[in-house]
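Engineer: As input, take target37.csv (CSV, C-alpha atoms and all ligand atoms):
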chain,number,residue,atom,x,y,z
A,1,GLU,CA,-12.9,-57.2,46.0
A,2,ILE,CA,-16.6,-57.7,45.5
A,3,GLY,CA,-17.6,-58.6,42.0
A,4,SER,CA,-14.1,-58.6,40.6
A,5,GLY,CA,-14.3,-62.2,39.3
A,6,PRO,CA,-11.4,-64.7,39.4
A,7,LYS,CA,-8.1,-63.0,40.2
A,8,LEU,CA,-5.9,-66.0,40.0
A,9,ARG,CA,-5.6,-68.6,37.2
A,10,ARG,CA,-4.2,-71.9,38.2
A,11,ALA,CA,-0.5,-72.0,37.2
A,12,SER,CA,0.1,-74.3,34.3
A,13,ARG,CA,2.5,-75.0,31.5
A,14,SER,CA,1.7,-73.3,28.2
A,15,ALA,CA,0.9,-75.5,25.1
A,16,LYS,CA,1.1,-74.0,21.7
A,17,VAL,CA,-1.3,-75.1,18.9
A,18,VAL,CA,0.0,-73.9,15.6
A,19,TYR,CA,-1.1,-73.6,12.0
A,20,GLY,CA,1.0,-71.5,9.7
A,21,THR,CA,1.4,-68.1,11.4
A,22,ARG,CA,-1.6,-68.7,13.7
A,23,GLU,CA,-0.6,-69.7,17.2
A,24,VAL,CA,-3.2,-70.5,19.8
A,25,LEU,CA,-1.8,-70.7,23.4
A,26,VAL,CA,-3.5,-73.0,25.9
A,27,GLY,CA,-2.5,-72.5,29.5
A,28,GLY,CA,0.3,-70.6,31.1
A,29,GLY,CA,-2.1,-67.7,31.9
A,30,ALA,CA,-3.2,-67.2,28.2
A,31,PRO,CA,-6.9,-66.2,27.7
A,32,VAL,CA,-9.3,-69.2,27.9
A,33,VAL,CA,-9.6,-70.7,24.4
A,34,VAL,CA,-13.0,-71.5,22.9
A,35,GLN,CA,-13.1,-74.5,20.8
A,36,SER,CA,-15.7,-76.7,19.0
A,37,MET,CA,-16.1,-79.9,17.1
A,38,THR,CA,-17.7,-80.6,13.7
A,39,ASN,CA,-20.5,-83.1,13.3
A,40,THR,CA,-20.1,-83.7,9.6
A,41,ASP,CA,-18.7,-86.9,8.0
A,42,THR,CA,-15.0,-86.0,7.8
A,43,ALA,CA,-14.8,-87.9,4.5
A,44,ASP,CA,-17.1,-85.2,3.1
A,45,VAL,CA,-14.4,-82.7,2.4
A,46,ILE,CA,-16.6,-79.8,1.2
A,47,GLY,CA,-19.3,-80.2,3.9
A,48,THR,CA,-16.7,-80.5,6.6
A,49,ALA,CA,-14.7,-77.5,5.3
A,50,ILE,CA,-17.8,-75.4,5.2
A,51,GLN,CA,-18.8,-76.3,8.8
A,52,ILE,CA,-15.2,-75.5,10.0
A,53,LYS,CA,-15.4,-72.2,8.3
A,54,GLU,CA,-18.7,-71.4,10.0
A,55,LEU,CA,-17.4,-72.4,13.4
A,56,ALA,CA,-14.2,-70.4,12.9
A,57,ARG,CA,-16.1,-67.3,11.7
A,58,ALA,CA,-18.3,-67.7,14.8
A,59,GLY,CA,-15.2,-67.5,16.9
A,60,SER,CA,-14.0,-71.1,17.4
A,61,GLU,CA,-10.2,-70.8,18.0
A,62,LEU,CA,-9.6,-74.5,17.5
A,63,VAL,CA,-11.8,-76.9,15.6
A,64,ARG,CA,-11.8,-80.7,16.2
A,65,ILE,CA,-12.8,-83.2,13.6
A,66,THR,CA,-13.3,-86.9,14.0
A,67,VAL,CA,-10.7,-89.0,12.2
A,68,ASN,CA,-12.3,-92.4,12.4
A,69,ASN,CA,-11.4,-94.3,9.3
A,70,ALA,CA,-9.1,-94.3,6.2
A,71,GLU,CA,-11.6,-92.2,4.2
A,72,ALA,CA,-11.6,-89.5,6.9
A,73,ALA,CA,-7.8,-89.6,7.3
A,74,ALA,CA,-7.4,-89.2,3.5
A,75,ALA,CA,-9.8,-86.3,3.5
A,76,VAL,CA,-8.0,-84.2,6.2
A,77,PRO,CA,-5.3,-82.7,3.9
A,78,ALA,CA,-8.0,-81.8,1.3
A,79,ILE,CA,-10.1,-80.2,4.1
A,80,ARG,CA,-7.0,-78.1,5.1
A,81,GLU,CA,-6.4,-77.2,1.5
A,82,GLN,CA,-10.1,-76.0,1.1
A,83,LEU,CA,-9.8,-73.9,4.3
A,84,ASP,CA,-6.5,-72.4,3.0
A,85,ARG,CA,-8.4,-71.3,-0.2
A,86,MET,CA,-11.1,-69.8,2.0
A,87,GLY,CA,-8.5,-67.9,4.1
A,88,ILE,CA,-9.4,-69.9,7.2
A,89,ASP,CA,-6.3,-70.6,9.3
A,90,VAL,CA,-8.0,-72.1,12.4
A,91,PRO,CA,-5.9,-75.0,13.7
A,92,LEU,CA,-7.5,-78.4,13.3
A,93,VAL,CA,-7.5,-81.1,16.0
A,94,GLY,CA,-7.8,-84.7,15.0
A,95,ASP,CA,-10.0,-86.9,17.3
A,96,PHE,CA,-8.8,-90.5,17.3
A,97,HIS,CA,-10.2,-93.6,18.9
A,98,TYR,CA,-9.2,-97.3,18.5
A,99,ASN,CA,-7.3,-96.9,15.2
A,100,GLY,CA,-5.4,-93.6,15.6
A,101,HIS,CA,-2.0,-95.3,15.6
A,102,THR,CA,-2.7,-96.9,12.2
A,103,LEU,CA,-4.3,-93.8,10.6
A,104,LEU,CA,-1.5,-91.5,11.7
A,105,ASN,CA,1.1,-94.0,10.4
A,106,ASP,CA,-0.7,-94.8,7.1
A,107,PHE,CA,-1.7,-91.2,6.3
A,108,PRO,CA,1.3,-89.0,7.0
A,109,ASP,CA,-0.3,-86.0,5.1
A,110,CYS,CA,-3.1,-86.2,7.6
A,111,ALA,CA,-0.7,-86.4,10.5
A,112,ARG,CA,1.0,-83.2,9.2
A,113,ALA,CA,-2.2,-81.3,8.3
A,114,LEU,CA,-3.6,-81.6,11.8
A,115,SER,CA,-2.3,-79.1,14.4
A,116,LYS,CA,-3.0,-81.3,17.5
A,117,TYR,CA,-4.1,-84.9,18.2
A,118,ARG,CA,-6.7,-85.9,20.7
A,119,ILE,CA,-6.0,-89.4,22.2
A,120,ASN,CA,-8.5,-91.1,24.5
A,121,PRO,CA,-6.4,-93.5,26.7
A,122,GLY,CA,-9.5,-95.6,27.2
A,123,ASN,CA,-9.8,-96.3,23.5
A,124,VAL,CA,-6.3,-97.1,22.3
A,125,GLY,CA,-6.5,-100.9,22.7
A,126,GLN,CA,-6.5,-103.5,25.4
A,127,GLY,CA,-3.8,-105.4,27.2
A,128,ALA,CA,-0.3,-105.3,25.7
A,129,LYS,CA,-1.6,-103.7,22.6
A,130,ARG,CA,-2.7,-100.7,24.6
A,131,ASP,CA,0.8,-99.6,25.5
A,132,THR,CA,2.2,-100.3,22.0
A,133,GLN,CA,-0.6,-98.4,20.3
A,134,PHE,CA,-0.4,-95.5,22.7
A,135,ALA,CA,3.4,-95.4,22.2
A,136,GLN,CA,2.9,-95.3,18.4
A,137,MET,CA,0.6,-92.3,18.6
A,138,ILE,CA,3.0,-90.4,20.9
A,139,GLU,CA,5.8,-91.3,18.5
A,140,MET,CA,3.8,-89.7,15.7
A,141,ALA,CA,3.2,-86.6,17.8
A,142,CYS,CA,6.9,-86.3,18.4
A,143,ARG,CA,7.8,-86.9,14.8
A,144,TYR,CA,5.4,-84.2,13.5
A,145,ASP,CA,6.0,-81.9,16.5
A,146,LYS,CA,2.3,-81.8,17.4
A,147,PRO,CA,0.7,-81.2,20.9
A,148,VAL,CA,-1.6,-83.8,22.2
A,149,ARG,CA,-4.7,-83.7,24.4
A,150,ILE,CA,-5.0,-86.7,26.5
A,151,GLY,CA,-8.8,-86.8,26.8
A,152,VAL,CA,-10.3,-89.2,29.3
A,153,ASN,CA,-14.0,-89.7,29.2
A,154,TRP,CA,-16.3,-91.2,31.8
A,155,GLY,CA,-18.0,-93.3,29.1
A,156,SER,CA,-14.8,-94.9,27.8
A,157,LEU,CA,-12.6,-95.3,30.8
A,158,ASP,CA,-9.6,-97.6,30.6
A,159,GLN,CA,-11.1,-100.8,32.0
A,160,ALA,CA,-7.8,-102.4,33.1
A,161,LEU,CA,-6.9,-99.3,35.1
A,162,LEU,CA,-10.4,-99.2,36.6
A,163,ALA,CA,-10.0,-102.8,37.7
A,164,ARG,CA,-6.6,-102.1,39.2
A,165,ILE,CA,-8.0,-99.1,41.2
A,166,MET,CA,-11.0,-101.2,42.4
A,167,ASP,CA,-8.6,-103.9,43.6
A,168,ASP,CA,-6.5,-101.4,45.4
A,169,ASN,CA,-9.6,-99.9,46.9
A,170,ALA,CA,-10.9,-103.3,48.2
A,171,ARG,CA,-7.7,-103.6,50.2
A,172,ARG,CA,-8.2,-100.3,51.9
A,173,PRO,CA,-9.2,-100.4,55.6
A,174,THR,CA,-11.9,-97.8,54.7
A,175,PRO,CA,-12.7,-98.3,51.0
A,176,TRP,CA,-13.7,-95.3,48.9
A,177,SER,CA,-17.2,-95.0,47.5
A,178,VAL,CA,-17.9,-96.2,44.0
A,179,GLN,CA,-18.0,-92.6,42.9
A,180,ALA,CA,-14.7,-91.8,44.4
A,181,VAL,CA,-13.2,-94.8,42.7
A,182,MET,CA,-14.5,-93.5,39.3
A,183,TYR,CA,-13.0,-90.1,40.0
A,184,GLN,CA,-9.6,-91.6,40.9
A,185,ALA,CA,-9.7,-93.8,37.8
A,186,LEU,CA,-10.4,-90.8,35.5
A,187,ILE,CA,-7.7,-88.7,37.0
A,188,THR,CA,-5.1,-91.5,37.2
A,189,SER,CA,-5.8,-92.4,33.6
A,190,ALA,CA,-5.1,-88.8,32.5
A,191,ILE,CA,-2.0,-88.2,34.7
A,192,GLU,CA,-0.4,-91.6,34.1
A,193,SER,CA,-0.9,-91.3,30.4
A,194,ALA,CA,0.7,-87.9,30.4
A,195,GLN,CA,3.6,-89.2,32.3
A,196,LYS,CA,4.0,-92.1,29.9
A,197,ALA,CA,3.9,-89.7,27.0
A,198,GLU,CA,6.7,-87.7,28.5
A,199,GLU,CA,8.7,-90.8,29.1
A,200,LEU,CA,8.2,-91.6,25.4
A,201,GLY,CA,9.8,-88.3,24.5
A,202,LEU,CA,6.8,-85.9,24.2
A,203,ALA,CA,7.7,-82.6,25.7
A,204,GLY,CA,5.7,-81.6,28.8
A,205,ASP,CA,4.6,-78.4,27.1
A,206,LYS,CA,2.9,-80.4,24.4
A,207,ILE,CA,0.3,-82.1,26.6
A,208,ILE,CA,-3.2,-80.9,27.5
A,209,LEU,CA,-5.4,-83.0,29.8
A,210,SER,CA,-9.2,-83.4,30.1
A,211,CYS,CA,-11.4,-85.7,32.2
A,212,LYS,CA,-14.9,-85.3,30.9
A,213,VAL,CA,-18.0,-86.5,32.7
A,214,SER,CA,-21.7,-85.6,32.2
A,215,GLY,CA,-22.7,-84.6,35.8
A,216,VAL,CA,-22.1,-81.1,37.0
A,217,GLN,CA,-21.0,-82.0,40.5
A,218,ASP,CA,-18.8,-84.9,39.2
A,219,LEU,CA,-17.1,-82.6,36.8
A,220,ILE,CA,-16.3,-80.0,39.5
A,221,ALA,CA,-15.0,-82.6,41.9
A,222,VAL,CA,-12.8,-84.3,39.2
A,223,TYR,CA,-11.3,-81.1,37.9
A,224,ARG,CA,-10.6,-79.7,41.3
A,225,GLU,CA,-8.5,-82.7,42.0
A,226,LEU,CA,-7.0,-83.0,38.6
A,227,ALA,CA,-6.0,-79.3,38.8
A,228,ALA,CA,-4.3,-79.9,42.1
A,229,ARG,CA,-2.4,-82.9,41.0
A,230,CYS,CA,-0.7,-81.7,37.9
A,231,ASP,CA,0.4,-78.5,36.0
A,232,TYR,CA,-0.7,-79.5,32.5
A,233,PRO,CA,-3.1,-77.1,30.9
A,234,LEU,CA,-6.7,-78.3,31.2
A,235,HIS,CA,-9.5,-78.6,28.6
A,236,LEU,CA,-12.9,-78.2,30.3
A,237,GLY,CA,-16.2,-79.5,29.0
A,238,LEU,CA,-19.2,-81.2,30.4
A,239,THR,CA,-19.6,-84.2,28.0
A,240,GLU,CA,-23.0,-85.1,26.7
A,241,ALA,CA,-24.4,-81.9,28.3
A,242,GLY,CA,-27.7,-82.4,26.4
A,243,MET,CA,-30.0,-80.3,24.3
A,244,GLY,CA,-31.2,-76.8,24.4
A,245,SER,CA,-31.4,-74.9,27.7
A,246,LYS,CA,-30.5,-78.0,29.7
A,247,GLY,CA,-27.2,-78.4,27.9
A,248,ILE,CA,-26.5,-74.6,28.2
A,249,VAL,CA,-27.4,-74.4,31.9
A,250,ALA,CA,-25.5,-77.6,32.9
A,251,SER,CA,-22.4,-76.5,31.0
A,252,THR,CA,-22.5,-73.0,32.4
A,253,ALA,CA,-23.1,-74.2,36.0
A,254,ALA,CA,-20.1,-76.6,35.9
A,255,LEU,CA,-17.6,-74.5,34.0
A,256,SER,CA,-18.4,-71.2,35.8
A,257,VAL,CA,-17.6,-72.8,39.2
A,258,LEU,CA,-14.3,-74.2,37.9
A,259,MET,CA,-13.3,-71.1,36.0
A,260,GLN,CA,-14.1,-68.9,39.0
A,261,GLU,CA,-11.5,-70.9,40.8
A,262,GLY,CA,-9.0,-70.3,38.0
A,263,ILE,CA,-9.3,-73.8,36.6
A,264,GLY,CA,-9.6,-74.3,32.8
A,265,ASP,CA,-7.5,-73.2,29.9
A,266,THR,CA,-9.8,-74.1,27.0
A,267,ILE,CA,-13.5,-74.9,26.9
A,268,ARG,CA,-15.9,-76.7,24.6
A,269,ILE,CA,-19.6,-76.6,25.1
A,270,SER,CA,-20.9,-80.0,24.0
A,271,LEU,CA,-24.5,-79.2,23.0
A,272,THR,CA,-26.7,-81.8,21.3
A,273,PRO,CA,-27.9,-79.9,18.2
A,274,GLU,CA,-31.6,-79.6,17.9
A,275,PRO,CA,-33.0,-80.8,14.5
A,276,GLY,CA,-31.9,-78.1,12.0
A,277,GLY,CA,-30.0,-76.3,14.8
A,278,ASP,CA,-26.9,-74.3,14.2
A,279,ARG,CA,-23.7,-75.9,15.2
A,280,CYS,CA,-22.2,-72.5,15.9
A,281,LYS,CA,-24.4,-72.2,19.0
A,282,GLU,CA,-21.8,-74.1,21.0
A,283,VAL,CA,-19.2,-71.5,20.1
A,284,ILE,CA,-21.5,-68.6,21.0
A,285,VAL,CA,-22.5,-70.2,24.3
A,286,GLY,CA,-18.8,-70.7,25.1
A,287,GLN,CA,-18.0,-67.1,24.3
A,288,GLU,CA,-21.0,-65.8,26.3
A,289,ILE,CA,-20.0,-67.8,29.4
A,290,LEU,CA,-16.5,-66.3,29.3
A,291,GLN,CA,-17.8,-62.8,28.6
A,292,THR,CA,-20.5,-62.8,31.2
A,293,MET,CA,-18.0,-64.0,33.7
A,294,GLY,CA,-15.7,-61.1,32.8
A,295,LEU,CA,-12.9,-63.4,31.6
A,296,ARG,CA,-12.8,-62.4,27.9
A,297,LYS,CA,-14.6,-60.0,25.6
A,298,PHE,CA,-15.7,-61.1,22.1
A,299,THR,CA,-18.6,-59.0,21.0
A,300,PRO,CA,-20.6,-55.9,22.3
A,301,MET,CA,-23.2,-57.0,24.8
A,302,VAL,CA,-26.8,-56.2,24.6
A,303,ILE,CA,-28.6,-55.6,27.9
A,304,ALA,CA,-32.4,-56.1,27.5
A,305,CYS,CA,-35.2,-56.2,30.0
A,306,PRO,CA,-37.4,-59.3,30.0
A,307,GLY,CA,-40.5,-57.3,29.2
A,308,CYS,CA,-43.8,-57.4,31.2
A,309,GLY,CA,-47.3,-56.1,31.2
A,310,ARG,CA,-46.1,-52.6,30.6
A,311,THR,CA,-44.6,-53.6,27.2
A,312,THR,CA,-46.9,-52.5,24.4
A,313,SER,CA,-45.6,-54.7,21.6
A,314,THR,CA,-42.9,-57.2,20.7
A,315,VAL,CA,-40.9,-54.4,19.0
A,316,PHE,CA,-38.4,-54.1,21.8
A,317,GLN,CA,-37.7,-57.9,22.0
A,318,GLU,CA,-37.2,-57.9,18.2
A,319,LEU,CA,-35.0,-54.9,18.4
A,320,ALA,CA,-32.8,-56.5,21.1
A,321,ASP,CA,-32.5,-59.7,19.1
A,322,ASP,CA,-31.8,-57.8,15.8
A,323,ILE,CA,-29.2,-55.6,17.4
A,324,GLN,CA,-27.4,-58.6,19.1
A,325,SER,CA,-27.3,-60.5,15.8
A,326,PHE,CA,-26.2,-57.3,13.9
A,327,LEU,CA,-23.3,-56.7,16.3
A,328,ARG,CA,-22.3,-60.4,16.3
A,329,ASN,CA,-22.3,-60.6,12.5
A,330,GLN,CA,-20.2,-57.5,12.2
A,331,MET,CA,-17.5,-58.7,14.6
A,332,PRO,CA,-15.3,-60.6,12.2
A,333,VAL,CA,-14.6,-57.3,10.3
A,334,TRP,CA,-15.1,-54.9,13.2
A,335,LYS,CA,-12.6,-56.5,15.6
A,336,SER,CA,-9.7,-55.4,13.3
A,337,GLN,CA,-11.3,-52.2,12.0
A,338,TYR,CA,-12.5,-50.9,15.4
A,339,PRO,CA,-10.2,-52.2,18.2
A,340,GLY,CA,-12.0,-52.2,21.5
A,341,VAL,CA,-15.5,-52.4,20.0
A,342,GLU,CA,-16.1,-55.6,22.0
A,343,ASN,CA,-16.1,-53.5,25.2
A,344,MET,CA,-19.2,-51.7,24.1
A,345,ASN,CA,-22.7,-52.4,25.5
A,346,VAL,CA,-26.1,-51.5,24.2
A,347,ALA,CA,-29.3,-51.4,26.3
A,348,VAL,CA,-32.7,-52.1,24.8
A,349,MET,CA,-35.5,-51.5,27.3
A,350,GLY,CA,-39.2,-52.0,27.2
A,351,CYS,CA,-40.5,-48.9,29.1
A,352,ILE,CA,-39.8,-45.9,31.2
A,353,VAL,CA,-39.6,-47.8,34.5
A,354,ASN,CA,-36.0,-49.0,34.1
A,355,GLY,CA,-35.4,-47.8,30.5
A,356,PRO,CA,-33.7,-44.4,30.9
A,357,GLY,CA,-31.6,-45.6,34.0
A,358,GLU,CA,-30.3,-48.7,32.3
A,359,SER,CA,-29.8,-46.9,29.0
A,360,LYS,CA,-27.6,-44.3,30.8
A,361,HIS,CA,-25.3,-47.0,32.1
A,362,ALA,CA,-24.7,-48.3,28.5
A,363,ASN,CA,-22.7,-46.8,25.7
A,364,ILE,CA,-25.9,-46.6,23.8
A,365,GLY,CA,-29.4,-47.2,25.1
A,366,ILE,CA,-33.0,-47.0,23.9
A,367,SER,CA,-36.1,-47.0,26.0
A,368,LEU,CA,-39.1,-48.0,24.0
A,369,PRO,CA,-42.6,-46.7,24.9
A,370,GLY,CA,-44.5,-48.9,27.3
A,371,THR,CA,-48.3,-48.9,28.0
A,372,GLY,CA,-49.6,-45.4,28.4
A,373,GLU,CA,-46.4,-43.7,27.5
A,374,SER,CA,-46.1,-41.3,24.6
A,375,PRO,CA,-45.1,-43.1,21.4
A,376,ALA,CA,-41.5,-41.9,21.6
A,377,ALA,CA,-38.2,-43.8,22.2
A,378,PRO,CA,-35.5,-41.7,23.8
A,379,VAL,CA,-31.9,-42.7,22.8
A,380,PHE,CA,-29.1,-42.2,25.3
A,381,ILE,CA,-25.4,-42.0,24.2
A,382,ASP,CA,-22.6,-42.2,26.7
A,383,GLY,CA,-25.0,-41.5,29.6
A,384,ALA,CA,-26.9,-38.5,28.1
A,385,LYS,CA,-30.1,-38.3,26.2
A,386,ALA,CA,-29.1,-37.6,22.6
A,387,LEU,CA,-32.4,-37.8,20.6
A,388,THR,CA,-35.8,-39.3,20.4
A,389,LEU,CA,-37.0,-41.8,17.7
A,390,ARG,CA,-40.6,-42.0,16.6
A,391,GLY,CA,-42.6,-43.8,14.0
A,392,ASP,CA,-42.3,-47.2,12.2
A,393,ARG,CA,-38.6,-47.1,11.5
A,394,ILE,CA,-37.2,-47.0,15.1
A,395,ALA,CA,-35.3,-50.3,14.7
A,396,GLU,CA,-33.5,-49.3,11.5
A,397,GLU,CA,-32.7,-45.8,12.8
A,398,PHE,CA,-31.4,-47.2,16.1
A,399,GLN,CA,-29.2,-49.6,14.2
A,400,ASP,CA,-27.8,-46.7,12.1
A,401,ILE,CA,-27.0,-44.8,15.4
A,402,VAL,CA,-25.2,-47.8,16.8
A,403,LEU,CA,-23.2,-48.1,13.5
A,404,GLU,CA,-22.2,-44.4,13.6
A,405,TYR,CA,-21.2,-44.8,17.2
A,406,VAL,CA,-18.9,-47.7,16.4
A,407,LYS,CA,-17.3,-45.8,13.5
A,408,SER,CA,-16.7,-42.7,15.6
B,1,LIG,FE1,-41.3,-54.1,32.2
B,1,LIG,FE2,-40.4,-51.7,31.8
B,1,LIG,FE3,-39.1,-53.3,33.5
B,1,LIG,FE4,-39.0,-53.8,30.8
B,1,LIG,S1,-38.2,-51.9,31.9
B,1,LIG,S2,-39.4,-55.3,32.5
B,1,LIG,S3,-41.1,-53.2,30.2
B,1,LIG,S4,-41.2,-52.5,33.7
Could you show the structure in this file as structure tokens?
Structural biologist:
Amino acid sequence: EIGSGPKLRRASRSAKVVYGTREVLVGGGAPVVVQSMTNTDTADVIGTAIQIKELARAGSELVRITVNNAEAAAAVPAIREQLDRMGIDVPLVGDFHYNGHTLLNDFPDCARALSKYRINPGNVGQGAKRDTQFAQMIEMACRYDKPVRIGVNWGSLDQALLARIMDDNARRPTPWSVQAVMYQALITSAIESAQKAEELGLAGDKIILSCKVSGVQDLIAVYRELAARCDYPLHLGLTEAGMGSKGIVASTAALSVLMQEGIGDTIRISLTPEPGGDRCKEVIVGQEILQTMGLRKFTPMVIACPGCGRTTSTVFQELADDIQSFLRNQMPVWKSQYPGVENMNVAVMGCIVNGPGESKHANIGISLPGTGESPAAPVFIDGAKALTLRGDRIAEEFQDIVLEYVKS
């Protein structure tokens, strides 16, 4: 079945993340969920609520916020209230490190307002305190009926567990490599913590696992083994993926390989924002990975040629960019008004060489005039030439044609 994409999803339990009437299913064959994380100070209620609203509008189906101190914990119910006023029902995930047991205990309204807790087993304390504090957090999750992501991270691995695995390894007749020891430590930390949580009373369908690393090949190796060793739903993400194209390419490379094998139930693209950059980009990249792989559809796709020496102006690049932004911006309204609109594709081509052919394959296509061609832009609708645009208003007129097509 050439080109058909992944046929099988890894079988996993299904975890439900709930806020009000909004239910987001993770695992159990549900569509892969796109999530993101704020980078505001959580204690800044308005700033954080605004960023959550933007992320949710961009398509983030879960939004994680750091809950790192008493001020942040106190702000969480107020953030939820602000979002309710704005009509944003995206479930919120609280990210806890070091003091989560105390914050969840001392701020019950925060514990209730969150729809899911993220616990990093490497950051819940050391020695005997570790088990007690981990148990306290699981007890809160049970009390408030919240799912938990046990999120292990390469950069904050449980040091006692790592030492234990290194000792065991030293006794092996053929010891594993240092890298293999690290992989085992990550996977063991996630699975043992999940088992511990179940022993403490948390239902198995309230647990999601992740083992994030920053290297593409490391992530693939770790998740292949993690996927084989448990049936918890998995959160995928390349941690510290980096800035700009590097972060996008690295995340896409790692996640595509895994998702093609059916591994991964929710994704987050951890891009370092460029100065003044838009936080929503991580949501758009996540959606585009899923859509270009044929796993989900979020927004009509624009097919555009790269342009070359035959391109007479930048009009076609601007048109492609404008149409993609226009379509994406309409989607929050369109997806309920025009069901199926996300299946549409639009071609914007720079000249006659591939223009008409590519345009005929799209729902709507336009072929702009290249060097030496007559100053006319034929428009194709559902495979047939429908009209020709000329003059200075080609971009506006083409946008109107796209809009009419969607309405019809
Ligand atoms: Fe160049 Fe025309 Fe091909 Fe676009 S369609 S890349 S302008 S030859």
Engineer: May I have the residues within 6 Å of stretch 268-273 of chain A as a list in words, using all atoms listed in the file and disregarding those fewer than 6 positions away in the same chain?
Structural biologist: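 Non-adjacent residues within range: Gln35, Ser36, Gly237, Thr239, Ala241, Gly242, Met243, Gly247, Glu282 and Gly286 of chain A.
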Engineer: Of the candidates A:Phe326, A:Phe398, A:Phe316, A:Phe380, which one gets nearest to ligand LIG 1 (chain B) if we count only C-alpha atoms and all ligand atoms?
Structural biologist: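 So, comparing all the options, the nearest one is A:Phe316.
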Engineer: Hey, which residues come within 9 Å of ligand LIG 1 (chain B) if we count all atoms listed in the file? Could you give them as a list of chain:residue names?
Structural biologist: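 Those residues are A:Ala304, A:Cys305, A:Pro306, A:Gly307, A:Cys308, A:Gly309, A:Arg310, A:Thr311, A:Thr312, A:Phe316, A:Val348, A:Met349, A:Gly350, A:Cys351, A:Ile352, A:Val353, A:Asn354, A:Gly355, A:Pro356, A:Glu358, A:Ser367, A:Leu368, A:Pro369, A:Gly370, A:Thr371.
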Engineer: Mind giving me the straight-line distance from atom CA of A:Pro121 to atom CA of A:Leu55 in Å, one decimal?
Structural biologist: 27.3 Å
Engineer: When you draw a straight line from atom CA of A:Ile263 to atom CA of A:Ala227, how long is it in Å?
Structural biologist: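 Atom CA of A:Ala227 lies at a distance of 6.8 Å from atom CA of A:Ile263.
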Engineer: Which distance in Å separates atom CA of A:Ser12 and atom CA of A:Leu258, to one decimal?
Structural biologist: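 Going from atom CA of A:Ser12 over to atom CA of A:Leu258, I get 14.8 Å.
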Engineer: Extract, using all atoms listed in the file, all DNA, RNA and protein residues at most 10 Å from A:Ala73, discarding same-chain residues fewer than 3 positions from it, and format them as a PyMOL selection string.
Structural biologist: chain A and resi 42-43+66-70+76-78+94+100+103-104+106-111
Engineer: Find the residues around stretch 387-392 of chain A up to 9 Å (all atoms listed in the file counted), leave out those fewer than 2 positions away in its own chain, and share them as a PyMOL selection string.
Structural biologist: chain A and resi 366+375-381+385+394-395+397-398
Engineer: When you count only C-alpha atoms, which of these residues is closest to A:Val90: A:Arg143, A:Arg22, A:Arg149, A:Lys212?
Structural biologist: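 For A:Val90, the nearest of the given residues is A:Arg22.
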